[in-house]
$ cat entry_11.cif   # mmCIF, C-alpha atoms, pLDDT in the B column; chains and numbers go by the auth columns
data_input
loop_
_atom_site.group_PDB
_atom_site.id
_atom_site.type_symbol
_atom_site.label_atom_id
_atom_site.label_comp_id
_atom_site.label_asym_id
_atom_site.label_seq_id
_atom_site.Cartn_x
_atom_site.Cartn_y
_atom_site.Cartn_z
_atom_site.B_iso_or_equiv
_atom_site.auth_seq_id
_atom_site.auth_asym_id
ATOM 1 C CA MET A 1 6.491 80.797 -17.003 45.00 23 A
ATOM 2 C CA VAL A 2 5.160 84.325 -17.440 47.00 24 A
ATOM 3 C CA THR A 3 2.765 84.794 -20.345 51.00 25 A
ATOM 4 C CA SER A 4 2.640 88.087 -22.182 57.00 26 A
ATOM 5 C CA ARG A 5 -0.825 88.845 -20.752 59.00 27 A
ATOM 6 C CA SER A 6 0.203 88.229 -17.141 61.00 28 A
ATOM 7 C CA PHE A 7 3.369 90.263 -17.727 59.00 29 A
ATOM 8 C CA ILE A 8 1.289 93.227 -18.924 60.00 30 A
ATOM 9 C CA VAL A 9 -1.013 92.894 -15.895 57.00 31 A
ATOM 10 C CA ARG A 10 2.015 92.931 -13.574 62.00 32 A
ATOM 11 C CA ILE A 11 3.386 96.054 -15.261 62.00 33 A
ATOM 12 C CA LEU A 12 0.021 97.814 -14.944 59.00 34 A
ATOM 13 C CA VAL A 13 -0.284 96.888 -11.262 62.00 35 A
ATOM 14 C CA ALA A 14 3.270 98.042 -10.538 59.00 36 A
ATOM 15 C CA SER A 15 2.582 101.324 -12.358 61.00 37 A
ATOM 16 C CA CYS A 16 -0.567 101.885 -10.285 57.00 38 A
ATOM 17 C CA LEU A 17 1.392 101.195 -7.102 56.00 39 A
ATOM 18 C CA LEU A 18 4.031 103.701 -8.138 53.00 40 A
ATOM 19 C CA LEU A 19 1.403 106.336 -8.749 53.00 41 A
ATOM 20 C CA ALA A 20 -0.406 105.578 -5.494 53.00 42 A
ATOM 21 C CA VAL A 21 2.765 105.734 -3.402 52.00 43 A
ATOM 22 C CA GLY A 22 4.854 108.364 -5.145 51.00 44 A
ATOM 23 C CA VAL A 23 2.279 111.025 -5.999 50.00 45 A
ATOM 24 C CA GLU A 24 0.698 113.264 -3.400 51.00 46 A
ATOM 25 C CA ARG A 25 -2.316 115.131 -4.728 52.00 47 A
ATOM 26 C CA LEU A 26 -2.978 118.737 -3.777 49.00 48 A
ATOM 27 C CA PRO A 27 -6.602 119.750 -3.192 55.00 49 A
ATOM 28 C CA ALA A 28 -8.311 121.227 -6.250 56.00 50 A
ATOM 29 C CA GLY A 29 -7.780 124.972 -6.519 54.00 51 A
ATOM 30 C CA ASP A 30 -4.887 124.956 -4.046 58.00 52 A
ATOM 31 C CA GLU A 31 -2.372 127.494 -5.264 63.00 53 A
ATOM 32 C CA SER A 32 0.309 126.599 -2.707 74.00 54 A
ATOM 33 C CA LYS A 33 3.794 126.070 -4.050 81.00 55 A
ATOM 34 C CA TRP A 34 6.248 123.409 -3.060 77.00 56 A
ATOM 35 C CA THR A 35 9.069 124.445 -0.791 79.00 57 A
ATOM 36 C CA VAL A 36 12.514 122.909 -0.447 77.00 58 A
ATOM 37 C CA ASP A 37 11.288 121.130 2.703 72.00 59 A
ATOM 38 C CA ASP A 38 8.376 119.613 0.759 71.00 60 A
ATOM 39 C CA VAL A 39 10.816 118.076 -1.700 74.00 61 A
ATOM 40 C CA VAL A 40 13.365 116.909 0.875 71.00 62 A
ATOM 41 C CA LEU A 41 10.741 115.487 3.277 74.00 63 A
ATOM 42 C CA ALA A 42 8.632 113.787 0.586 78.00 64 A
ATOM 43 C CA GLU A 43 8.170 110.028 0.875 80.00 65 A
ATOM 44 C CA THR A 44 9.047 107.946 -2.163 86.00 66 A
ATOM 45 C CA GLY A 45 8.516 104.343 -3.147 89.00 67 A
ATOM 46 C CA GLY A 46 10.590 102.141 -5.405 90.00 68 A
ATOM 47 C CA SER A 47 12.123 98.723 -6.101 89.00 69 A
ATOM 48 C CA PHE A 48 8.688 97.155 -6.565 94.00 70 A
ATOM 49 C CA ARG A 49 8.765 93.352 -6.926 96.00 71 A
ATOM 50 C CA ILE A 50 5.637 91.305 -7.537 95.00 72 A
ATOM 51 C CA SER A 51 5.373 87.896 -5.866 95.00 73 A
ATOM 52 C CA PRO A 52 5.469 84.743 -8.009 95.00 74 A
ATOM 53 C CA ASP A 53 1.723 84.219 -7.394 93.00 75 A
ATOM 54 C CA ALA A 54 1.039 87.885 -8.389 92.00 76 A
ATOM 55 C CA GLY A 55 -0.843 88.465 -5.117 93.00 77 A
ATOM 56 C CA TRP A 56 1.619 90.766 -3.361 95.00 78 A
ATOM 57 C CA ALA A 57 4.240 93.413 -4.085 95.00 79 A
ATOM 58 C CA VAL A 58 7.237 94.067 -1.868 96.00 80 A
ATOM 59 C CA TRP A 59 8.756 97.523 -2.159 96.00 81 A
ATOM 60 C CA VAL A 60 10.996 100.103 -0.480 96.00 82 A
ATOM 61 C CA LYS A 61 9.554 103.223 1.134 94.00 83 A
ATOM 62 C CA VAL A 62 12.092 106.031 1.618 92.00 84 A
ATOM 63 C CA ASN A 63 11.506 109.030 3.852 88.00 85 A
ATOM 64 C CA MET A 64 13.599 111.636 5.634 83.00 86 A
ATOM 65 C CA ASP A 65 14.336 111.216 9.341 78.00 87 A
ATOM 66 C CA SER A 66 14.385 114.901 10.301 75.00 88 A
ATOM 67 C CA ALA A 67 15.989 114.254 13.694 77.00 89 A
ATOM 68 C CA ALA A 68 18.903 112.306 12.213 73.00 90 A
ATOM 69 C CA GLY A 69 19.099 114.353 9.009 77.00 91 A
ATOM 70 C CA ALA A 70 19.266 111.196 6.889 82.00 92 A
ATOM 71 C CA TYR A 71 17.016 109.156 4.646 87.00 93 A
ATOM 72 C CA VAL A 72 15.511 105.962 6.038 89.00 94 A
ATOM 73 C CA SER A 73 14.393 103.098 3.803 93.00 95 A
ATOM 74 C CA ASN A 74 12.121 100.285 4.968 94.00 96 A
ATOM 75 C CA LEU A 75 10.371 97.380 3.266 96.00 97 A
ATOM 76 C CA TRP A 76 6.621 97.233 2.807 94.00 98 A
ATOM 77 C CA LEU A 77 4.343 94.500 1.536 95.00 99 A
ATOM 78 C CA SER A 78 1.194 95.506 -0.386 94.00 100 A
ATOM 79 C CA SER A 79 -1.634 93.228 -1.413 93.00 101 A
ATOM 80 C CA LEU A 80 -2.536 93.427 -5.101 93.00 102 A
ATOM 81 C CA THR A 81 -6.029 92.115 -4.443 92.00 103 A
ATOM 82 C CA ASP A 82 -7.079 93.869 -1.198 91.00 104 A
ATOM 83 C CA ASP A 83 -6.413 97.210 0.464 90.00 105 A
ATOM 84 C CA GLU A 84 -3.774 95.780 2.797 92.00 106 A
ATOM 85 C CA GLN A 85 -0.252 97.018 3.519 93.00 107 A
ATOM 86 C CA ILE A 86 2.245 95.546 5.969 93.00 108 A
ATOM 87 C CA GLN A 87 5.451 97.222 7.122 93.00 109 A
ATOM 88 C CA LEU A 88 8.126 94.501 7.122 94.00 110 A
ATOM 89 C CA THR A 89 11.125 96.414 8.534 94.00 111 A
ATOM 90 C CA ARG A 90 11.538 99.317 10.917 90.00 112 A
ATOM 91 C CA GLY A 91 14.344 101.443 12.256 87.00 113 A
ATOM 92 C CA THR A 92 17.024 103.665 10.799 88.00 114 A
ATOM 93 C CA ALA A 93 19.062 101.001 8.978 90.00 115 A
ATOM 94 C CA THR A 94 19.022 100.968 5.184 91.00 116 A
ATOM 95 C CA HIS A 95 16.881 98.245 3.556 95.00 117 A
ATOM 96 C CA THR A 96 17.166 97.883 -0.231 95.00 118 A
ATOM 97 C CA ARG A 97 16.826 95.511 -3.210 96.00 119 A
ATOM 98 C CA PRO A 98 13.983 93.265 -2.007 97.00 120 A
ATOM 99 C CA ARG A 99 13.559 90.057 -4.008 97.00 121 A
ATOM 100 C CA TRP A 100 11.141 87.126 -3.814 97.00 122 A
ATOM 101 C CA SER A 101 12.491 83.602 -3.697 96.00 123 A
ATOM 102 C CA PRO A 102 11.370 81.611 -6.751 96.00 124 A
ATOM 103 C CA ASP A 103 8.795 79.741 -4.637 95.00 125 A
ATOM 104 C CA GLY A 104 7.540 82.955 -3.005 94.00 126 A
ATOM 105 C CA LYS A 105 8.187 81.719 0.553 95.00 127 A
ATOM 106 C CA LEU A 106 11.056 84.112 1.311 96.00 128 A
ATOM 107 C CA ILE A 107 11.859 87.760 0.781 97.00 129 A
ATOM 108 C CA THR A 108 15.548 88.630 0.636 97.00 130 A
ATOM 109 C CA PHE A 109 17.039 92.102 0.836 97.00 131 A
ATOM 110 C CA LEU A 110 20.232 94.046 1.483 96.00 132 A
ATOM 111 C CA SER A 111 20.470 95.889 4.791 95.00 133 A
ATOM 112 C CA THR A 112 22.864 97.760 7.065 93.00 134 A
ATOM 113 C CA ARG A 113 20.951 96.608 10.154 92.00 135 A
ATOM 114 C CA PRO A 114 23.152 95.319 12.993 90.00 136 A
ATOM 115 C CA LEU A 115 23.924 91.616 12.960 89.00 137 A
ATOM 116 C CA PRO A 116 22.462 89.529 15.805 87.00 138 A
ATOM 117 C CA ALA A 117 24.910 89.005 18.684 79.00 139 A
ATOM 118 C CA GLU A 118 25.652 85.375 17.786 72.00 140 A
ATOM 119 C CA ALA A 119 26.389 86.230 14.129 67.00 141 A
ATOM 120 C CA ALA A 120 28.354 89.372 15.016 64.00 142 A
ATOM 121 C CA GLY A 121 30.563 87.388 17.380 65.00 143 A
ATOM 122 C CA GLN A 122 31.583 85.001 14.586 66.00 144 A
ATOM 123 C CA SER A 123 32.091 87.716 11.973 67.00 145 A
ATOM 124 C CA ALA A 124 34.707 90.347 11.262 63.00 146 A
ATOM 125 C CA ALA A 125 32.037 92.492 9.592 66.00 147 A
ATOM 126 C CA LYS A 126 32.153 96.150 10.546 70.00 148 A
ATOM 127 C CA PRO A 127 28.991 97.800 11.896 68.00 149 A
ATOM 128 C CA ASP A 128 26.723 99.235 9.191 76.00 150 A
ATOM 129 C CA THR A 129 28.153 96.883 6.556 89.00 151 A
ATOM 130 C CA THR A 130 25.570 95.881 3.955 93.00 152 A
ATOM 131 C CA GLN A 131 24.675 92.200 4.342 95.00 153 A
ATOM 132 C CA LEU A 132 22.157 89.912 2.668 96.00 154 A
ATOM 133 C CA TRP A 133 19.114 89.143 4.845 96.00 155 A
ATOM 134 C CA ALA A 134 16.057 86.909 4.478 96.00 156 A
ATOM 135 C CA MET A 135 12.634 86.752 6.073 96.00 157 A
ATOM 136 C CA SER A 136 9.448 84.775 5.662 94.00 158 A
ATOM 137 C CA SER A 137 7.107 86.322 3.120 91.00 159 A
ATOM 138 C CA ARG A 138 4.489 86.224 5.888 84.00 160 A
ATOM 139 C CA GLY A 139 6.604 88.560 8.020 83.00 161 A
ATOM 140 C CA GLY A 140 8.559 87.991 11.193 89.00 162 A
ATOM 141 C CA GLU A 141 12.141 88.570 12.251 93.00 163 A
ATOM 142 C CA PRO A 142 14.728 88.559 9.423 95.00 164 A
ATOM 143 C CA TRP A 143 17.984 86.629 9.681 95.00 165 A
ATOM 144 C CA PRO A 144 21.355 87.322 8.029 94.00 166 A
ATOM 145 C CA LEU A 145 22.455 85.120 5.141 95.00 167 A
ATOM 146 C CA THR A 146 25.920 86.708 5.009 93.00 168 A
ATOM 147 C CA THR A 147 28.385 88.127 7.531 90.00 169 A
ATOM 148 C CA LEU A 148 31.089 89.310 5.132 89.00 170 A
ATOM 149 C CA GLU A 149 33.649 91.789 6.410 86.00 171 A
ATOM 150 C CA ARG A 150 33.185 94.154 3.477 86.00 172 A
ATOM 151 C CA GLY A 151 29.541 93.357 2.883 90.00 173 A
ATOM 152 C CA VAL A 152 27.510 92.450 -0.182 94.00 174 A
ATOM 153 C CA LYS A 153 27.278 94.684 -3.265 94.00 175 A
ATOM 154 C CA THR A 154 24.424 92.970 -5.097 95.00 176 A
ATOM 155 C CA TYR A 155 22.765 89.563 -5.484 96.00 177 A
ATOM 156 C CA ALA A 156 20.288 87.520 -7.520 96.00 178 A
ATOM 157 C CA TRP A 157 18.321 84.309 -7.044 96.00 179 A
ATOM 158 C CA ARG A 158 19.616 81.586 -9.385 95.00 180 A
ATOM 159 C CA SER A 159 17.239 78.842 -8.215 93.00 181 A
ATOM 160 C CA GLU A 160 15.165 77.979 -5.149 91.00 182 A
ATOM 161 C CA GLU A 161 18.320 76.834 -3.382 92.00 183 A
ATOM 162 C CA THR A 162 20.977 79.168 -4.802 95.00 184 A
ATOM 163 C CA ILE A 163 21.664 82.890 -4.478 96.00 185 A
ATOM 164 C CA VAL A 164 24.588 84.454 -6.325 96.00 186 A
ATOM 165 C CA ILE A 165 26.219 87.447 -4.617 94.00 187 A
ATOM 166 C CA THR A 166 28.798 90.043 -5.589 94.00 188 A
ATOM 167 C CA ALA A 167 31.154 91.090 -2.805 91.00 189 A
ATOM 168 C CA GLU A 168 34.717 92.206 -2.252 84.00 190 A
ATOM 169 C CA GLU A 169 37.132 89.634 -0.875 81.00 191 A
ATOM 170 C CA ALA A 170 38.336 89.754 2.732 77.00 192 A
ATOM 171 C CA PRO A 171 41.308 92.017 3.471 74.00 193 A
ATOM 172 C CA THR A 172 44.585 90.587 2.203 75.00 194 A
ATOM 173 C CA LEU A 173 47.798 90.204 4.187 79.00 195 A
ATOM 174 C CA HIS A 174 49.111 93.346 2.433 75.00 196 A
ATOM 175 C CA GLU A 175 46.068 95.377 3.569 75.00 197 A
ATOM 176 C CA LYS A 176 46.397 94.111 7.138 78.00 198 A
ATOM 177 C CA LYS A 177 50.077 95.103 7.222 80.00 199 A
ATOM 178 C CA VAL A 178 49.284 98.583 5.877 78.00 200 A
ATOM 179 C CA GLN A 179 46.533 98.973 8.466 76.00 201 A
ATOM 180 C CA LYS A 180 48.853 97.766 11.268 82.00 202 A
ATOM 181 C CA ARG A 181 51.433 100.405 10.246 83.00 203 A
ATOM 182 C CA LYS A 182 48.606 102.984 10.358 81.00 204 A
ATOM 183 C CA ASP A 183 49.518 104.013 6.832 77.00 205 A
ATOM 184 C CA THR A 184 46.720 106.268 5.546 78.00 206 A
ATOM 185 C CA SER A 185 48.238 106.966 2.126 74.00 207 A
ATOM 186 C CA ARG A 186 46.199 105.955 -0.923 74.00 208 A
ATOM 187 C CA VAL A 187 47.902 104.393 -3.909 75.00 209 A
ATOM 188 C CA VAL A 188 46.239 105.198 -7.223 75.00 210 A
ATOM 189 C CA GLU A 189 45.826 102.368 -9.766 76.00 211 A
ATOM 190 C CA ASP A 190 47.213 99.660 -7.479 76.00 212 A
ATOM 191 C CA GLU A 191 45.642 96.758 -9.411 74.00 213 A
ATOM 192 C CA VAL A 192 47.619 94.107 -7.548 74.00 214 A
ATOM 193 C CA HIS A 193 46.252 95.115 -4.141 69.00 215 A
ATOM 194 C CA THR A 194 42.777 96.402 -5.043 71.00 216 A
ATOM 195 C CA PRO A 195 40.017 94.218 -3.524 68.00 217 A
#
$ encode --input "entry_11.cif" --output "structure tokens"
Amino acid sequence: MVTSRSFIVRILVASCLLLAVGVERLPAGDESKWTVDDVVLAETGGSFRISPDAGWAVWVKVNMDSAAGAYVSNLWLSSLTDDEQIQLTRGTATHTRPRWSPDGKLITFLSTRPLPAEAAGQSAAKPDTTQLWAMSSRGGEPWPLTTLERGVKTYAWRSEETIVITAEEAPTLHEKKVQKRKDTSRVVEDEVHTP
């Protein structure tokens, strides 16, 4: 149970992390002005989550991949007691919504990273579909918890053994027939057939 004092400490630590990550200081007396590139290429941090033992914070670092012309978001782990930071994910896939398991042993997150070959072979999920992933809080290779065709929208830990997710159902027979006919028309307010 979180006491009011420990809650305040967590808020202060998270605020300091936000300031440390999100604010770049200009040298004193520097009259240079920000350009559009400075704004677009700036790194940002967000989605800070403090571990159950209050020793670590997992967060999302977002920066622009100039070559691809797209933003890249990866997970980082920062110690709240030492000057230590660990990059948990790499690559150009999107990594968002990190959460600690109630016991602090796992970190879960949503990602568009490709599914491993064995999971992809058993799934109808399209490439770049957002799935729920998990990894050890000590680092290592993440593994997919879902392989849903339309992906996961959001999720929350209910207990140490249960995660509740929000996702659209698999395509219905009606949708498959429409797709087979190569019908690209869009019906507005089709409540019966909306996923």
$ closest_residue --input "entry_11.cif" --among "A:Arg135, A:Lys175, A:His117, A:Lys127" --to "Met157 of chain A" --atoms "only C-alpha atoms"
A:Lys127
$ atom_distance --input "entry_11.cif" --atom1 "atom CA of Leu167 of chain A" --atom2 "atom CA of Lys83 of chain A"
22.6 Å
$ atom_distance --input "entry_11.cif" --atom1 "atom CA of Glu106 of chain A" --atom2 "atom CA of Asn85 of chain A"
20.3 Å
$ atom_distance --input "entry_11.cif" --atom1 "atom CA of Ile185 of chain A" --atom2 "atom CA of Ser159 of chain A"
16.8 Å
$ resolve_selection --input "entry_11.cif" --expression "the PyMOL selection byres ((chain A and resi 160) around 10)" --output "PDB file with C-alpha atoms, in the frame of the given file"
ATOM      1  CA  LEU A  99       4.343  94.500   1.536  1.00 95.00           C
ATOM      2  CA  ILE A 108       2.245  95.546   5.969  1.00 93.00           C
ATOM      3  CA  LEU A 110       8.126  94.501   7.122  1.00 94.00           C
ATOM      4  CA  GLY A 126       7.540  82.955  -3.005  1.00 94.00           C
ATOM      5  CA  LYS A 127       8.187  81.719   0.553  1.00 95.00           C
ATOM      6  CA  LEU A 128      11.056  84.112   1.311  1.00 96.00           C
ATOM      7  CA  ILE A 129      11.859  87.760   0.781  1.00 97.00           C
ATOM      8  CA  MET A 157      12.634  86.752   6.073  1.00 96.00           C
ATOM      9  CA  SER A 158       9.448  84.775   5.662  1.00 94.00           C
ATOM     10  CA  SER A 159       7.107  86.322   3.120  1.00 91.00           C
ATOM     11  CA  GLY A 161       6.604  88.560   8.020  1.00 83.00           C
ATOM     12  CA  GLY A 162       8.559  87.991  11.193  1.00 89.00           C
TER      13      GLY A 162
END
$ residues_near_point --input "entry_11.cif" --point "(35.4, 86.9, 2.9)" --cutoff "6 Å" --atoms "all atoms listed in the file" --output "PyMOL selection string"
chain A and resi 170+191-192
$ write_last_selection --input "entry_11.cif" --atoms "C-alpha atoms" --output "PDB file, keeping the file's coordinate frame"
ATOM      1  CA  LEU A 170      31.089  89.310   5.132  1.00 89.00           C
ATOM      2  CA  GLU A 191      37.132  89.634  -0.875  1.00 81.00           C
ATOM      3  CA  ALA A 192      38.336  89.754   2.732  1.00 77.00           C
TER       4      ALA A 192
END
$ closest_residue --input "entry_11.cif" --among "A:Val209, A:Leu63, A:Val94, A:Leu137" --to "Gly113 of chain A" --atoms "all atoms listed in the file"
A:Val94
$ closest_residue --input "entry_11.cif" --among "A:Thr188, A:Thr194, A:Ser88, A:Ser123" --to "Arg71 of chain A" --atoms "only C-alpha atoms"
A:Ser123
$ resolve_selection --input "entry_11.cif" --expression "the PyMOL selection byres ((chain A and resi 111) around 7)" --output "NGL selection string"
:A and (96-97 or 109-110 or 112)
$ resolve_selection --input "entry_11.cif" --expression "the PyMOL selection byres ((chain A and resi 172) around 9)" --output "number ranges by chain"
A: 146-148, 151-153, 169-171, 173-175, 189-193
$ residues_near_point --input "entry_11.cif" --point "(16.9, 88.7, 8.2)" --cutoff "8 Å" --atoms "all atoms listed in the file" --output "list in words"
Thr130, Leu154, Trp155, Ala156, Met157, Glu163, Pro164, Trp165, Pro166 and Leu167 of chain A
$ residues_around --input "entry_11.cif" --residues "Trp81 of chain A" --least-positions-apart "5" --cutoff "6 Å" --atoms "only C-alpha atoms" --output "list in words"
Gly68, Ser69, Phe70, Leu97 and Trp98 of chain A
$ write_last_selection --input "entry_11.cif" --atoms "C-alpha atoms" --output "PDB file, in the frame of the given file"
ATOM      1  CA  GLY A  68      10.590 102.141  -5.405  1.00 90.00           C
ATOM      2  CA  SER A  69      12.123  98.723  -6.101  1.00 89.00           C
ATOM      3  CA  PHE A  70       8.688  97.155  -6.565  1.00 94.00           C
ATOM      4  CA  LEU A  97      10.371  97.380   3.266  1.00 96.00           C
ATOM      5  CA  TRP A  98       6.621  97.233   2.807  1.00 94.00           C
TER       6      TRP A  98
END
$ residues_around --input "entry_11.cif" --residues "Glu197 of chain A" --least-positions-apart "5" --cutoff "12 Å" --atoms "all atoms listed in the file" --output "list in words"
Glu191, Ala192, Lys202, Arg203, Lys204, Asp205, Thr206, Ser207, Arg208, Val209, Asp212, Val214, His215, Thr216 and Pro217 of chain A
$ write_last_selection --input "entry_11.cif" --atoms "C-alpha atoms" --output "compact mmCIF listing (two decimals), in the frame of the given file"
# COMPACT_ATOMS: atom_id res chain seq x y z
CA GLU A 191 37.13 89.63 -0.88
CA ALA A 192 38.34 89.75 2.73
CA LYS A 202 48.85 97.77 11.27
CA ARG A 203 51.43 100.40 10.25
CA LYS A 204 48.61 102.98 10.36
CA ASP A 205 49.52 104.01 6.83
CA THR A 206 46.72 106.27 5.55
CA SER A 207 48.24 106.97 2.13
CA ARG A 208 46.20 105.96 -0.92
CA VAL A 209 47.90 104.39 -3.91
CA ASP A 212 47.21 99.66 -7.48
CA VAL A 214 47.62 94.11 -7.55
CA HIS A 215 46.25 95.12 -4.14
CA THR A 216 42.78 96.40 -5.04
CA PRO A 217 40.02 94.22 -3.52
$ axis_aligned_box --input "entry_11.cif" --around "segment 152-162 of chain A" --padding-each-side "4 Å" --output "lines of an AutoDock Vina configuration file"
center_x = 15.0
center_y = 90.3
center_z = 6.9
size_x = 29.1
size_y = 19.1
size_z = 16.5
$ decode --input "entry_11.cif" --residues "segment 156-179 of chain A" --atoms "N, CA and C atoms" --output "short mmCIF file (atom, residue, chain, number, x, y, z; two decimals), in the first residue's frame"
data_model
loop_
_atom_site.label_atom_id
_atom_site.label_comp_id
_atom_site.auth_asym_id
_atom_site.auth_seq_id
_atom_site.Cartn_x
_atom_site.Cartn_y
_atom_site.Cartn_z
N ALA A 156 6.17 -8.57 -23.09
CA ALA A 156 6.70 -8.59 -21.72
C ALA A 156 8.19 -8.87 -21.76
N MET A 157 8.87 -8.41 -20.73
CA MET A 157 10.30 -8.70 -20.59
C MET A 157 10.65 -8.69 -19.11
N SER A 158 11.74 -9.33 -18.78
CA SER A 158 12.21 -9.32 -17.39
C SER A 158 12.59 -7.89 -17.03
N SER A 159 12.34 -7.50 -15.82
CA SER A 159 12.71 -6.15 -15.38
C SER A 159 14.22 -5.99 -15.31
N ARG A 160 14.95 -7.08 -15.41
CA ARG A 160 16.42 -7.03 -15.45
C ARG A 160 16.95 -6.90 -16.86
N GLY A 161 16.03 -6.87 -17.85
CA GLY A 161 16.45 -6.76 -19.24
C GLY A 161 16.39 -8.10 -19.94
N GLY A 162 16.83 -8.14 -21.16
CA GLY A 162 16.79 -9.36 -21.95
C GLY A 162 15.81 -9.23 -23.09
N GLU A 163 15.62 -10.33 -23.79
CA GLU A 163 14.75 -10.32 -24.98
C GLU A 163 13.28 -10.37 -24.58
N PRO A 164 12.45 -9.45 -25.10
CA PRO A 164 11.01 -9.49 -24.80
C PRO A 164 10.31 -10.60 -25.57
N TRP A 165 9.15 -11.00 -25.09
CA TRP A 165 8.34 -12.01 -25.77
C TRP A 165 6.91 -11.49 -25.88
N PRO A 166 6.20 -11.90 -26.96
CA PRO A 166 4.83 -11.41 -27.14
C PRO A 166 3.85 -12.14 -26.22
N LEU A 167 2.94 -11.39 -25.64
CA LEU A 167 1.86 -11.97 -24.84
C LEU A 167 0.59 -12.13 -25.67
N THR A 168 0.50 -11.36 -26.77
CA THR A 168 -0.66 -11.46 -27.66
C THR A 168 -0.18 -11.57 -29.10
N THR A 169 -1.03 -12.17 -29.94
CA THR A 169 -0.80 -12.23 -31.38
C THR A 169 -2.14 -12.00 -32.08
N LEU A 170 -2.84 -10.96 -31.66
CA LEU A 170 -4.18 -10.68 -32.19
C LEU A 170 -4.10 -10.04 -33.57
N GLU A 171 -5.01 -10.43 -34.43
CA GLU A 171 -4.99 -9.96 -35.81
C GLU A 171 -5.07 -8.44 -35.91
N ARG A 172 -5.91 -7.84 -35.07
CA ARG A 172 -6.05 -6.38 -35.12
C ARG A 172 -5.27 -5.67 -34.01
N GLY A 173 -4.57 -6.42 -33.22
CA GLY A 173 -3.72 -5.82 -32.20
C GLY A 173 -4.45 -5.42 -30.93
N VAL A 174 -3.68 -4.87 -30.01
CA VAL A 174 -4.16 -4.46 -28.69
C VAL A 174 -4.26 -2.94 -28.66
N LYS A 175 -5.34 -2.42 -28.10
CA LYS A 175 -5.52 -0.97 -27.97
C LYS A 175 -4.89 -0.45 -26.68
N THR A 176 -5.24 -1.10 -25.57
CA THR A 176 -4.70 -0.71 -24.27
C THR A 176 -4.78 -1.90 -23.32
N TYR A 177 -4.18 -1.77 -22.14
CA TYR A 177 -4.18 -2.88 -21.18
C TYR A 177 -3.90 -2.35 -19.77
N ALA A 178 -4.14 -3.20 -18.78
CA ALA A 178 -3.83 -2.87 -17.39
C ALA A 178 -3.63 -4.17 -16.62
N TRP A 179 -2.72 -4.12 -15.66
CA TRP A 179 -2.52 -5.25 -14.75
C TRP A 179 -3.67 -5.27 -13.75
#
